[in-house]
Amino acid sequence: MSVTDEYPMQRWVFQDAAGRFDIDLGDSNMLPGRLDELSMDPGLELDYGHDRGIGALRDRVAELYGGDPDSVLITQGAQQALYLVYASLLTPGAQVIVYRPGWQQSWDITADLGCQVDCAPYRDDLTFDVEAAAALAGPGLRLIVANSPCNPTGQRIADADLRGLLELAERRDAYLLLDEEYALDLRQSPAIGSDRVISVSSLSKVYGFPGLRVGWLYGPPEVVEGCARRKFLSTIANSVLCETLACDVLDHRDHYLRRYADVTGQGLKLVREFAERNADAVQLVEPENTPFAWLRLTTGERPLTLCRRVLDAGVLLMPGETLGASDGFRICFARDPEAVTEGLRRIEPLLRPASQVPPSAAPFSGQNSNLPNGVL
């Protein structure tokens with residue numbers, strides 16, 4: 001997977017694409033849930049809550065891991081959890097190893113903190129190259145950052161590679177930060193029983209409630225303590241309203257996981273058929289339980305160029321340049337089947353650079369985007 005100059009995702013989503021699409025196949029989360037699906041006591045007192053998250057929610061998150069609530073910190077989405085780990089553990093000059101392509105925050109924020117940031121590649125089959133990470137590791141290694149299953153490749157870290165990364169962290173007295181947003185069973189997280197692994201997740205991706213902005217980290221108590229201190233100094237606490245609603249989501253976890261499996265199963269079938277029909281232009285990287293897939297673009301065109309034409313047809317995709325890659329794009333299929341079908345219909349005539357005439361971009365009436373007016 002080749003690397004190119006970045007194109008900021010913030011610019012693509014909030015400037016270039018804002019208000020210009022009616023079908024969202026670009027984001028990376030399950031079809032968003034609605035407030036009327038959730039229930040809570042209308043007499044809830046809207047106080048400050050707790051800096052670590054209300055006890056009821058910490059208990060429920062601990063149950064996801066089969067672990068201890070003292071190892072849990074509730075945050076403003078997984079994004080804040082990751083940021084707090086960086087701010088708590090890293091000092092100028094510390095080495096951070098990240099995998100790229102991936103989430104821009106892992107190399108941008110760590111560089112802003114004055115760290116030495118080294119990007120490890122994936123193997124040709126997009127598995128995690130542990131040997132490459134080990135070759136980069138220096139005496140100042142403090143943190144290894146990995147995402148499993150990975151955004152954007154859709155691939156999980158194989159058990160042997162995971163053991164290799166953990167052994168590398170332990171040898172160097174470093175930490176392994178695992179973004180497990182798309183992990184369906186956190187009881188299998190290596191954060192359980194390890195004082196060198198920090199797991200981050202949220203309700204945004206699999207459960208489909210990014211608007212609640214509820215995430216968490218699970219890790220060694222001393223790491224949780226450092227992150228809680230920095231959280232207090234920035235946001236004090238989460239919204240007690242959102243945390244209470246999050247309890248209701250987790251109380252019905254099985255329902256949401258069944259919904260996720262049903263919606264993603266239907267959508268992936270459509271994307272597979274699309275890739276087969278257009279095998280001369282794209283190659284599907286089979287995802288491992290993610291709501292999106294990586295499509296390698298084999299036409300020689302830049303993904304950003306293609307995605308701009310597709311945007312003109314009213315469909316949002318995520319070009320590889322926003323994720324640190326230049327050879328493909330991410331497509332989300334965790335949407336209503338009608339939306340996926342119509343989106344793919346519009347994309348298909350535009351896949352090849354010679355395509356000049358976009359398909360109809362007439363407004364689509366289904367549920368596609370996360371927020372009104374097509375803004376993510």
# chains A, B, ... in the order shown; residues from 1 in each chain; ligands from 1

$ residues_around --residues "stretch 195-199 of chain A" --least-positions-apart "3" --cutoff "9 Å" --atoms "only C-alpha atoms" --output "JSON list (two decimals) with C-alpha atoms, in the first residue's frame"
[["chain", "number", "residue", "atom", "x", "y", "z"],
["A", 85, "VAL", "CA", -2.88, 8.52, 26.23],
["A", 166, "LEU", "CA", 3.52, -7.00, 22.76],
["A", 169, "ALA", "CA", 6.80, -3.28, 23.85],
["A", 170, "GLU", "CA", 7.75, -5.32, 26.90],
["A", 173, "ASP", "CA", 9.59, -0.94, 28.54],
["A", 174, "ALA", "CA", 7.08, 0.68, 26.20],
["A", 175, "TYR", "CA", 3.30, 0.48, 25.82],
["A", 176, "LEU", "CA", 1.13, -1.00, 23.08],
["A", 177, "LEU", "CA", -1.87, 1.24, 22.33],
["A", 178, "LEU", "CA", -4.60, -0.74, 20.58],
["A", 179, "ASP", "CA", -7.45, 1.09, 18.89],
["A", 180, "GLU", "CA", -10.14, -1.62, 19.08],
["A", 186, "LEU", "CA", -13.38, -7.09, 23.94],
["A", 189, "SER", "CA", -8.42, -7.85, 24.17],
["A", 190, "PRO", "CA", -4.75, -8.24, 25.14],
["A", 191, "ALA", "CA", -5.32, -5.37, 27.56],
["A", 192, "ILE", "CA", -6.73, -7.96, 29.96],
["A", 216, "TRP", "CA", -13.27, 4.82, 26.78],
["A", 217, "LEU", "CA", -9.86, 3.45, 27.46],
["A", 218, "TYR", "CA", -9.07, 0.28, 29.39],
["A", 219, "GLY", "CA", -5.56, -0.11, 30.74],
["A", 220, "PRO", "CA", -3.17, -0.18, 33.68],
["A", 221, "PRO", "CA", -4.51, 1.86, 36.63],
["A", 223, "VAL", "CA", -2.16, 5.05, 32.95]]

$ select_by_dssp --residues "stretch 171-368 of chain A" --states "strand (DSSP E)" --output "MDAnalysis selection string"
chainID A and resid 175:179 197:202 214:218 282:285 292:297 315:316 318:319 328:332

$ atom_distance --atom1 "atom CA of A:Arg100" --atom2 "atom CA of A:Thr290"
17.9 Å

$ closest_residue --among "A:Gly93, A:Gly164, A:Gly226, A:Pro149" --to "A:Arg52" --atoms "only C-alpha atoms"
A:Gly226

$ residues_around --residues "stretch 326-341 of chain A" --least-positions-apart "3" --cutoff "8 Å" --atoms "only C-alpha atoms" --output "MDAnalysis selection string"
chainID A and resid 1:4 23:31 152 260 263:264 266:268 270:271 291:298 302:303 317:321 344:345 364 366:368

$ residues_around --residues "A:Glu6" --least-positions-apart "6" --cutoff "8 Å" --atoms "only C-alpha atoms" --output "MDAnalysis selection string"
chainID A and resid 321:325

$ closest_residue --among "A:Asp112, A:Asp185, A:Glu286, A:Glu342" --to "A:Lys269" --atoms "only C-alpha atoms"
A:Glu286

$ select_by_dssp --residues "stretch 194-277 of chain A" --states "alpha helix (DSSP H)" --output "PyMOL selection string"
chain A and resi 221-234+240-251+253-277

$ residues_around --residues "A:Gly49" --least-positions-apart "5" --cutoff "10 Å" --atoms "only C-alpha atoms" --output "VMD selection string"
chain A and resid 54 to 55 236 to 241 243

$ atom_distance --atom1 "atom CA of A:Gly77" --atom2 "atom CA of A:Asp118"
25.6 Å

$ decode --residues "stretch 151-167 of chain A" --atoms "all heavy atoms" --output "PDB file, in the first residue's frame"
ATOM      1  N   ASN A 151      -8.505   0.383  10.425  1.00  0.00           N
ATOM      2  CA  ASN A 151      -9.107   1.400   9.582  1.00  0.00           C
ATOM      3  C   ASN A 151      -7.956   2.094   8.846  1.00  0.00           C
ATOM      4  O   ASN A 151      -7.125   2.734   9.500  1.00  0.00           O
ATOM      5  CB  ASN A 151      -9.868   2.401  10.453  1.00  0.00           C
ATOM      6  CG  ASN A 151     -10.534   3.510   9.679  1.00  0.00           C
ATOM      7  OD1 ASN A 151     -10.508   3.539   8.473  1.00  0.00           O
ATOM      8  ND2 ASN A 151     -11.138   4.443  10.398  1.00  0.00           N
ATOM      9  N   PRO A 152      -7.779   1.915   7.529  1.00  0.00           N
ATOM     10  CA  PRO A 152      -8.825   1.597   6.554  1.00  0.00           C
ATOM     11  C   PRO A 152      -8.768   0.200   5.939  1.00  0.00           C
ATOM     12  O   PRO A 152      -9.591  -0.105   5.077  1.00  0.00           O
ATOM     13  CB  PRO A 152      -8.549   2.623   5.468  1.00  0.00           C
ATOM     14  CG  PRO A 152      -7.050   2.687   5.418  1.00  0.00           C
ATOM     15  CD  PRO A 152      -6.604   2.556   6.864  1.00  0.00           C
ATOM     16  N   THR A 153      -7.796  -0.646   6.282  1.00  0.00           N
ATOM     17  CA  THR A 153      -7.622  -1.892   5.525  1.00  0.00           C
ATOM     18  C   THR A 153      -8.687  -2.929   5.841  1.00  0.00           C
ATOM     19  O   THR A 153      -8.916  -3.853   5.054  1.00  0.00           O
ATOM     20  CB  THR A 153      -6.247  -2.509   5.802  1.00  0.00           C
ATOM     21  OG1 THR A 153      -6.207  -3.025   7.142  1.00  0.00           O
ATOM     22  CG2 THR A 153      -5.136  -1.485   5.599  1.00  0.00           C
ATOM     23  N   GLY A 154      -9.321  -2.829   7.023  1.00  0.00           N
ATOM     24  CA  GLY A 154     -10.306  -3.811   7.436  1.00  0.00           C
ATOM     25  C   GLY A 154      -9.712  -5.094   7.972  1.00  0.00           C
ATOM     26  O   GLY A 154     -10.442  -6.060   8.244  1.00  0.00           O
ATOM     27  N   GLN A 155      -8.389  -5.133   8.166  1.00  0.00           N
ATOM     28  CA  GLN A 155      -7.713  -6.357   8.592  1.00  0.00           C
ATOM     29  C   GLN A 155      -7.401  -6.323  10.091  1.00  0.00           C
ATOM     30  O   GLN A 155      -7.005  -5.290  10.627  1.00  0.00           O
ATOM     31  CB  GLN A 155      -6.404  -6.536   7.820  1.00  0.00           C
ATOM     32  CG  GLN A 155      -6.570  -6.487   6.313  1.00  0.00           C
ATOM     33  CD  GLN A 155      -7.494  -7.556   5.807  1.00  0.00           C
ATOM     34  OE1 GLN A 155      -7.162  -8.741   5.827  1.00  0.00           O
ATOM     35  NE2 GLN A 155      -8.675  -7.157   5.347  1.00  0.00           N
ATOM     36  N   ARG A 156      -7.577  -7.463  10.756  1.00  0.00           N
ATOM     37  CA  ARG A 156      -7.209  -7.565  12.167  1.00  0.00           C
ATOM     38  C   ARG A 156      -5.777  -8.037  12.298  1.00  0.00           C
ATOM     39  O   ARG A 156      -5.218  -8.647  11.377  1.00  0.00           O
ATOM     40  CB  ARG A 156      -8.150  -8.508  12.917  1.00  0.00           C
ATOM     41  CG  ARG A 156      -8.118  -9.947  12.431  1.00  0.00           C
ATOM     42  CD  ARG A 156      -9.006 -10.847  13.292  1.00  0.00           C
ATOM     43  NE  ARG A 156      -8.486 -10.997  14.630  1.00  0.00           N
ATOM     44  CZ  ARG A 156      -7.581 -11.934  14.963  1.00  0.00           C
ATOM     45  NH1 ARG A 156      -7.088 -12.758  14.057  1.00  0.00           N
ATOM     46  NH2 ARG A 156      -7.156 -12.017  16.204  1.00  0.00           N
ATOM     47  N   ILE A 157      -5.174  -7.757  13.448  1.00  0.00           N
ATOM     48  CA  ILE A 157      -3.822  -8.228  13.716  1.00  0.00           C
ATOM     49  C   ILE A 157      -3.869  -9.720  14.031  1.00  0.00           C
ATOM     50  O   ILE A 157      -4.597 -10.146  14.933  1.00  0.00           O
ATOM     51  CB  ILE A 157      -3.197  -7.470  14.896  1.00  0.00           C
ATOM     52  CG1 ILE A 157      -3.190  -5.957  14.632  1.00  0.00           C
ATOM     53  CG2 ILE A 157      -1.766  -7.951  15.138  1.00  0.00           C
ATOM     54  CD1 ILE A 157      -2.659  -5.135  15.789  1.00  0.00           C
ATOM     55  N   ALA A 158      -3.108 -10.501  13.292  1.00  0.00           N
ATOM     56  CA  ALA A 158      -3.041 -11.933  13.562  1.00  0.00           C
ATOM     57  C   ALA A 158      -2.460 -12.163  14.959  1.00  0.00           C
ATOM     58  O   ALA A 158      -1.665 -11.356  15.466  1.00  0.00           O
ATOM     59  CB  ALA A 158      -2.172 -12.625  12.516  1.00  0.00           C
ATOM     60  N   ASP A 159      -2.860 -13.251  15.589  1.00  0.00           N
ATOM     61  CA  ASP A 159      -2.432 -13.524  16.967  1.00  0.00           C
ATOM     62  C   ASP A 159      -0.911 -13.520  17.097  1.00  0.00           C
ATOM     63  O   ASP A 159      -0.368 -12.971  18.066  1.00  0.00           O
ATOM     64  CB  ASP A 159      -3.001 -14.864  17.438  1.00  0.00           C
ATOM     65  CG  ASP A 159      -4.507 -14.821  17.605  1.00  0.00           C
ATOM     66  OD1 ASP A 159      -5.069 -13.713  17.691  1.00  0.00           O
ATOM     67  OD2 ASP A 159      -5.139 -15.899  17.647  1.00  0.00           O
ATOM     68  N   ALA A 160      -0.221 -14.125  16.156  1.00  0.00           N
ATOM     69  CA  ALA A 160       1.236 -14.182  16.229  1.00  0.00           C
ATOM     70  C   ALA A 160       1.847 -12.787  16.126  1.00  0.00           C
ATOM     71  O   ALA A 160       2.808 -12.462  16.843  1.00  0.00           O
ATOM     72  CB  ALA A 160       1.782 -15.082  15.125  1.00  0.00           C
ATOM     73  N   ASP A 161       1.287 -11.951  15.255  1.00  0.00           N
ATOM     74  CA  ASP A 161       1.796 -10.584  15.124  1.00  0.00           C
ATOM     75  C   ASP A 161       1.494  -9.762  16.371  1.00  0.00           C
ATOM     76  O   ASP A 161       2.306  -8.926  16.787  1.00  0.00           O
ATOM     77  CB  ASP A 161       1.182  -9.923  13.888  1.00  0.00           C
ATOM     78  CG  ASP A 161       1.667 -10.540  12.591  1.00  0.00           C
ATOM     79  OD1 ASP A 161       2.779 -11.107  12.580  1.00  0.00           O
ATOM     80  OD2 ASP A 161       0.932 -10.469  11.586  1.00  0.00           O
ATOM     81  N   LEU A 162       0.336 -10.001  16.953  1.00  0.00           N
ATOM     82  CA  LEU A 162      -0.011  -9.298  18.184  1.00  0.00           C
ATOM     83  C   LEU A 162       0.961  -9.660  19.296  1.00  0.00           C
ATOM     84  O   LEU A 162       1.438  -8.782  20.043  1.00  0.00           O
ATOM     85  CB  LEU A 162      -1.446  -9.645  18.586  1.00  0.00           C
ATOM     86  CG  LEU A 162      -2.065  -8.830  19.712  1.00  0.00           C
ATOM     87  CD1 LEU A 162      -2.051  -7.344  19.397  1.00  0.00           C
ATOM     88  CD2 LEU A 162      -3.483  -9.304  19.966  1.00  0.00           C
ATOM     89  N   ARG A 163       1.272 -10.938  19.409  1.00  0.00           N
ATOM     90  CA  ARG A 163       2.256 -11.358  20.415  1.00  0.00           C
ATOM     91  C   ARG A 163       3.609 -10.711  20.141  1.00  0.00           C
ATOM     92  O   ARG A 163       4.309 -10.288  21.072  1.00  0.00           O
ATOM     93  CB  ARG A 163       2.390 -12.881  20.417  1.00  0.00           C
ATOM     94  CG  ARG A 163       1.200 -13.616  21.020  1.00  0.00           C
ATOM     95  CD  ARG A 163       1.538 -15.072  21.297  1.00  0.00           C
ATOM     96  NE  ARG A 163       1.864 -15.811  20.062  1.00  0.00           N
ATOM     97  CZ  ARG A 163       0.965 -16.434  19.322  1.00  0.00           C
ATOM     98  NH1 ARG A 163      -0.318 -16.411  19.673  1.00  0.00           N
ATOM     99  NH2 ARG A 163       1.331 -17.089  18.231  1.00  0.00           N
ATOM    100  N   GLY A 164       3.974 -10.604  18.860  1.00  0.00           N
ATOM    101  CA  GLY A 164       5.245  -9.977  18.523  1.00  0.00           C
ATOM    102  C   GLY A 164       5.303  -8.516  18.923  1.00  0.00           C
ATOM    103  O   GLY A 164       6.319  -8.041  19.449  1.00  0.00           O
ATOM    104  N   LEU A 165       4.212  -7.786  18.687  1.00  0.00           N
ATOM    105  CA  LEU A 165       4.182  -6.376  19.075  1.00  0.00           C
ATOM    106  C   LEU A 165       4.226  -6.211  20.588  1.00  0.00           C
ATOM    107  O   LEU A 165       4.895  -5.310  21.115  1.00  0.00           O
ATOM    108  CB  LEU A 165       2.923  -5.710  18.512  1.00  0.00           C
ATOM    109  CG  LEU A 165       2.890  -5.497  16.998  1.00  0.00           C
ATOM    110  CD1 LEU A 165       1.552  -4.902  16.578  1.00  0.00           C
ATOM    111  CD2 LEU A 165       4.026  -4.599  16.538  1.00  0.00           C
ATOM    112  N   LEU A 166       3.519  -7.082  21.300  1.00  0.00           N
ATOM    113  CA  LEU A 166       3.520  -7.004  22.760  1.00  0.00           C
ATOM    114  C   LEU A 166       4.901  -7.326  23.315  1.00  0.00           C
ATOM    115  O   LEU A 166       5.389  -6.646  24.231  1.00  0.00           O
ATOM    116  CB  LEU A 166       2.474  -7.958  23.331  1.00  0.00           C
ATOM    117  CG  LEU A 166       2.348  -7.983  24.857  1.00  0.00           C
ATOM    118  CD1 LEU A 166       2.147  -6.582  25.426  1.00  0.00           C
ATOM    119  CD2 LEU A 166       1.214  -8.906  25.281  1.00  0.00           C
ATOM    120  N   GLU A 167       5.555  -8.328  22.758  1.00  0.00           N
ATOM    121  CA  GLU A 167       6.908  -8.669  23.213  1.00  0.00           C
ATOM    122  C   GLU A 167       7.872  -7.526  22.947  1.00  0.00           C
ATOM    123  O   GLU A 167       8.746  -7.235  23.773  1.00  0.00           O
ATOM    124  CB  GLU A 167       7.380  -9.949  22.518  1.00  0.00           C
ATOM    125  CG  GLU A 167       6.648 -11.203  22.989  1.00  0.00           C
ATOM    126  CD  GLU A 167       6.918 -12.404  22.100  1.00  0.00           C
ATOM    127  OE1 GLU A 167       7.702 -12.255  21.118  1.00  0.00           O
ATOM    128  OE2 GLU A 167       6.340 -13.470  22.357  1.00  0.00           O
TER     129      GLU A 167
END
